[in-house]
file structure-v9.csv (CSV, C-alpha atoms)
chain,number,residue,atom,x,y,z
A,1,MET,CA,12.4,-15.6,1.9
A,2,LEU,CA,14.2,-14.6,5.1
A,3,GLU,CA,12.5,-12.2,7.6
A,4,MET,CA,14.8,-9.3,8.5
A,5,LYS,CA,14.6,-6.2,10.7
A,6,VAL,CA,16.1,-2.8,10.3
A,7,ASP,CA,19.2,-3.0,12.3
A,8,GLY,CA,20.2,0.5,11.8
A,9,LEU,CA,21.3,3.4,9.5
A,10,THR,CA,24.8,4.2,8.8
A,11,LEU,CA,26.8,6.2,6.3
A,12,ASP,CA,29.2,4.8,3.7
A,13,PRO,CA,32.5,6.1,4.9
A,14,LEU,CA,33.8,6.6,1.3
A,15,THR,CA,30.8,8.3,-0.3
A,16,ASN,CA,28.8,9.6,2.7
A,17,THR,CA,25.8,7.8,1.2
A,18,PRO,CA,23.2,6.5,3.7
A,19,ILE,CA,23.0,2.7,4.2
A,20,ILE,CA,20.0,0.8,5.7
A,21,THR,CA,21.3,-2.3,7.3
A,22,LEU,CA,18.9,-5.2,7.6
A,23,LYS,CA,19.7,-8.2,9.8
A,24,ASP,CA,18.0,-11.5,10.1
A,25,HIS,CA,16.7,-12.7,13.5
A,26,SER,CA,19.7,-15.0,14.1
A,27,GLY,CA,22.0,-12.1,13.5
A,28,LYS,CA,24.0,-14.1,11.0
A,29,LYS,CA,23.0,-12.3,7.9
A,30,VAL,CA,23.3,-8.6,7.3
A,31,LEU,CA,22.1,-6.9,4.1
A,32,PRO,CA,23.3,-3.3,3.5
A,33,ILE,CA,21.1,-1.2,1.1
A,34,TRP,CA,22.4,2.1,-0.1
A,35,VAL,CA,19.6,4.8,-0.2
A,36,GLY,CA,19.1,8.5,-0.7
A,37,ILE,CA,19.3,11.0,2.2
A,38,PHE,CA,15.6,11.8,2.2
A,39,GLU,CA,14.6,8.1,2.4
A,40,ALA,CA,17.2,7.6,5.2
A,41,ASN,CA,15.7,10.6,7.0
A,42,ALA,CA,12.2,9.2,6.7
A,43,ILE,CA,13.4,5.9,8.1
A,44,ALA,CA,15.3,7.6,10.9
A,45,LEU,CA,12.3,9.7,11.9
A,46,GLN,CA,10.2,6.6,12.2
A,47,MET,CA,12.9,4.6,14.1
A,48,GLU,CA,13.1,7.5,16.6
A,49,LYS,CA,9.3,7.9,16.8
A,50,VAL,CA,9.6,11.6,15.8
A,51,VAL,CA,6.2,13.1,15.1
A,52,THR,CA,6.2,15.7,12.3
A,53,PRO,CA,3.7,18.6,12.3
A,54,ARG,CA,2.3,17.4,8.9
A,55,PRO,CA,2.4,14.0,7.3
A,56,MET,CA,5.5,13.2,5.4
A,57,THR,CA,5.3,11.2,2.2
A,58,HIS,CA,5.4,7.7,3.9
A,59,ASP,CA,2.9,8.9,6.5
A,60,LEU,CA,0.7,9.9,3.6
A,61,ILE,CA,1.0,6.5,2.1
A,62,LYS,CA,0.1,4.9,5.4
A,63,ASN,CA,-2.9,7.2,5.7
A,64,ILE,CA,-4.1,6.3,2.2
A,65,PHE,CA,-3.8,2.6,3.0
A,66,VAL,CA,-5.8,3.1,6.2
A,67,GLY,CA,-8.4,5.3,4.3
A,68,ILE,CA,-9.0,2.7,1.6
A,69,GLU,CA,-8.9,-0.1,4.2
A,70,ALA,CA,-5.9,-1.8,2.7
A,71,LYS,CA,-3.7,-3.9,4.9
A,72,VAL,CA,0.0,-4.1,4.3
A,73,ASN,CA,0.8,-7.8,4.6
A,74,HIS,CA,4.6,-7.5,4.2
A,75,ILE,CA,7.3,-6.1,2.0
A,76,ILE,CA,9.9,-8.1,0.1
A,77,VAL,CA,13.3,-7.0,-1.2
A,78,ASN,CA,13.0,-9.4,-4.1
A,79,ASP,CA,15.7,-8.6,-6.6
A,80,LEU,CA,19.1,-7.1,-7.3
A,81,LYS,CA,20.0,-6.0,-10.8
A,82,ASP,CA,23.0,-3.9,-11.8
A,83,ASN,CA,23.6,-2.9,-8.2
A,84,THR,CA,20.0,-1.8,-7.8
A,85,PHE,CA,17.7,-3.4,-5.2
A,86,TYR,CA,14.0,-4.0,-6.0
A,87,ALA,CA,11.1,-4.5,-3.6
A,88,THR,CA,7.3,-5.0,-3.5
A,89,ILE,CA,4.7,-4.0,-1.0
A,90,SER,CA,2.1,-6.7,-0.6
A,91,LEU,CA,-1.4,-5.4,0.2
A,92,THR,CA,-4.7,-7.0,0.8
A,93,LEU,CA,-7.4,-4.8,-0.6
A,94,ASN,CA,-11.1,-5.9,-0.9
A,95,ASN,CA,-10.0,-9.5,-0.3
A,96,ASN,CA,-7.5,-9.3,-3.2
A,97,ILE,CA,-3.7,-9.4,-2.8
A,98,VAL,CA,-2.0,-6.6,-4.7
A,99,ASN,CA,1.8,-6.3,-5.1
A,100,ILE,CA,3.1,-2.9,-5.7
A,101,ASP,CA,6.6,-2.3,-7.2
A,102,SER,CA,8.7,-0.1,-4.9
A,103,ARG,CA,12.1,1.1,-4.1
A,104,PRO,CA,13.3,-0.9,-1.0
A,105,SER,CA,13.8,2.3,1.0
A,106,ASP,CA,10.2,3.4,0.4
A,107,ALA,CA,8.9,-0.1,1.1
A,108,ILE,CA,10.9,-0.2,4.4
A,109,ALA,CA,9.8,3.2,5.4
A,110,VAL,CA,6.1,2.2,4.9
A,111,ALA,CA,6.7,-1.2,6.7
A,112,LEU,CA,8.1,0.5,9.7
A,113,ARG,CA,5.0,2.8,9.9
A,114,VAL,CA,2.5,0.0,9.7
A,115,ASN,CA,4.5,-2.6,11.6
A,116,ALA,CA,4.6,-5.0,8.6
A,117,PRO,CA,7.2,-7.7,8.3
A,118,ILE,CA,10.2,-7.2,6.1
A,119,TYR,CA,11.4,-10.1,4.0
A,120,VAL,CA,14.4,-10.5,1.7
A,121,ALA,CA,14.5,-13.2,-1.0
A,122,GLU,CA,17.3,-15.7,-0.5
A,123,LYS,CA,18.6,-15.1,-4.0
A,124,VAL,CA,19.1,-11.4,-3.1
A,125,ILE,CA,21.1,-12.3,0.0
A,126,ASP,CA,23.2,-14.7,-2.1
A,127,MET,CA,23.7,-12.1,-4.9
A,128,ALA,CA,24.6,-9.4,-2.3
A,129,ARG,CA,26.8,-11.9,-0.6
A,130,GLY,CA,25.0,-11.6,2.8
A,131,ILE,CA,27.9,-10.9,5.1
A,132,GLU,CA,28.6,-12.0,8.6
A,133,PRO,CA,28.1,-8.8,10.7
A,134,LEU,CA,31.3,-6.9,11.2
A,135,GLU,CA,33.5,-10.0,10.7
A,136,SER,CA,34.3,-9.7,7.1
A,137,ASN,CA,37.7,-8.6,6.0
A,138,GLU,CA,36.0,-6.9,3.0
A,139,MET,CA,35.1,-4.1,5.4
A,140,GLY,CA,38.6,-3.3,6.4
A,141,ASP,CA,39.4,-2.8,10.1
A,142,SER,CA,36.4,-4.5,11.7
A,143,GLU,CA,37.0,-2.9,15.2
A,144,LYS,CA,37.2,0.6,13.7
A,145,TRP,CA,34.0,-0.1,11.6
A,146,LYS,CA,32.2,-1.6,14.6
A,147,LYS,CA,33.0,1.5,16.7
A,148,TRP,CA,31.9,3.8,13.9
A,149,LEU,CA,28.6,2.0,13.5
A,150,GLN,CA,27.9,2.0,17.3
A,151,ASP,CA,28.6,5.7,17.5
A,152,LEU,CA,26.4,6.7,14.6
A,153,LYS,CA,23.0,8.3,15.5
A,154,PRO,CA,20.0,9.0,13.2
A,155,ASP,CA,20.7,12.7,13.7
A,156,ASP,CA,23.9,12.2,11.7
A,157,PHE,CA,21.6,12.0,8.6
A,158,GLY,CA,20.6,15.6,9.2
A,159,LYS,CA,17.1,17.1,9.3
A,160,SER,CA,15.0,18.1,6.3
A,161,GLU,CA,12.9,21.2,6.2
A,162,MET,CA,9.3,20.6,6.9
call {"tool": "encode", "arguments": {"input": "structure-v9.csv", "output": "structure tokens"}}
result
Amino acid sequence: MLEMKVDGLTLDPLTNTPIITLKDHSGKKVLPIWVGIFEANAIALQMEKVVTPRPMTHDLIKNIFVGIEAKVNHIIVNDLKDNTFYATISLTLNNNIVNIDSRPSDAIAVALRVNAPIYVAEKVIDMARGIEPLESNEMGDSEKWKKWLQDLKPDDFGKSEM
């Protein structure tokens, strides 16, 4: 497993689909994960430390974990099948470890809220062909892509009604 951090949020320039980018601590591996707009918004809100008037879904999940005295140990993006990423949330509850199946976007949104580490299985990085950041010819004009990524703000994902 490789520990990664949320490096940012971006939009796929072809489909306008949000992408979470995870990067390892050395900065040598980047893993893009395409997600839905609502999940991207939940992650962007947490990244920007925006407080909502009422708990959003991932805040509710955090509150449930706190209420039942469960500790989030970490999350793992553990598989990639048919272009779909899979993840688990690892909890300790009553001295037992419980692994909960999750979409990576939801697991990441929860991990950000509880400051839990984010791991990616090496096989997932291999299957996704973990790319060198902004140096791959597969991404087209890397300077244009780099500028586009640098200029992107969480507000570009829009705001949801609360």
call {"tool": "closest_residue", "arguments": {"input": "structure-v9.csv", "among": "A:Val98, A:Val50, A:Ala109, A:Val120", "to": "A:Val30", "atoms": "only C-alpha atoms"}}
result
A:Val120
call {"tool": "residues_around", "arguments": {"input": "structure-v9.csv", "residues": "A:Lys23", "least_positions_apart": "4", "cutoff": "8 Å", "atoms": "all atoms listed in the file", "output": "list in words"}}
result
Met4, Lys5, Val6, Asp7, Gly27, Lys28, Lys29, Val30 and Leu31 of chain A
call {"tool": "closest_residue", "arguments": {"input": "structure-v9.csv", "among": "A:Ile43, A:Ala87, A:Ile68, A:Leu60", "to": "A:Arg103", "atoms": "only C-alpha atoms"}}
result
A:Ala87
call {"tool": "closest_residue", "arguments": {"input": "structure-v9.csv", "among": "A:Leu91, A:Leu2, A:Ile75, A:Leu80", "to": "A:Ile33", "atoms": "only C-alpha atoms"}}
result
A:Leu80
call {"tool": "atom_distance", "arguments": {"input": "structure-v9.csv", "atom1": "atom CA of A:Thr17", "atom2": "atom CA of A:Asn73"}}
result
29.7 Å
call {"tool": "atom_distance", "arguments": {"input": "structure-v9.csv", "atom1": "atom CA of A:Gln46", "atom2": "atom CA of A:Glu122"}}
result
26.6 Å
call {"tool": "closest_residue", "arguments": {"input": "structure-v9.csv", "among": "A:Ile89, A:Gly67, A:Met56, A:Pro13", "to": "A:Ser105", "atoms": "all atoms listed in the file"}}
result
A:Ile89
call {"tool": "closest_residue", "arguments": {"input": "structure-v9.csv", "among": "A:Leu14, A:Met127, A:Lys81, A:Val110", "to": "A:Thr57", "atoms": "all atoms listed in the file"}}
result
A:Val110
call {"tool": "atom_distance", "arguments": {"input": "structure-v9.csv", "atom1": "atom CA of A:Asn83", "atom2": "atom CA of A:Thr21"}}
result
15.7 Å
call {"tool": "closest_residue", "arguments": {"input": "structure-v9.csv", "among": "A:Asn78, A:Asn63, A:Asn41, A:Asn95", "to": "A:Leu11", "atoms": "all atoms listed in the file"}}
result
A:Asn41
call {"tool": "residues_near_point", "arguments": {"input": "structure-v9.csv", "point": "(16.8, 2.4, -0.6)", "cutoff": "8 Å", "atoms": "only C-alpha atoms", "output": "list in words"}}
result
Ile19, Ile20, Ile33, Trp34, Val35, Gly36, Glu39, Ala40, Phe85, Arg103, Pro104, Ser105 and Asp106 of chain A
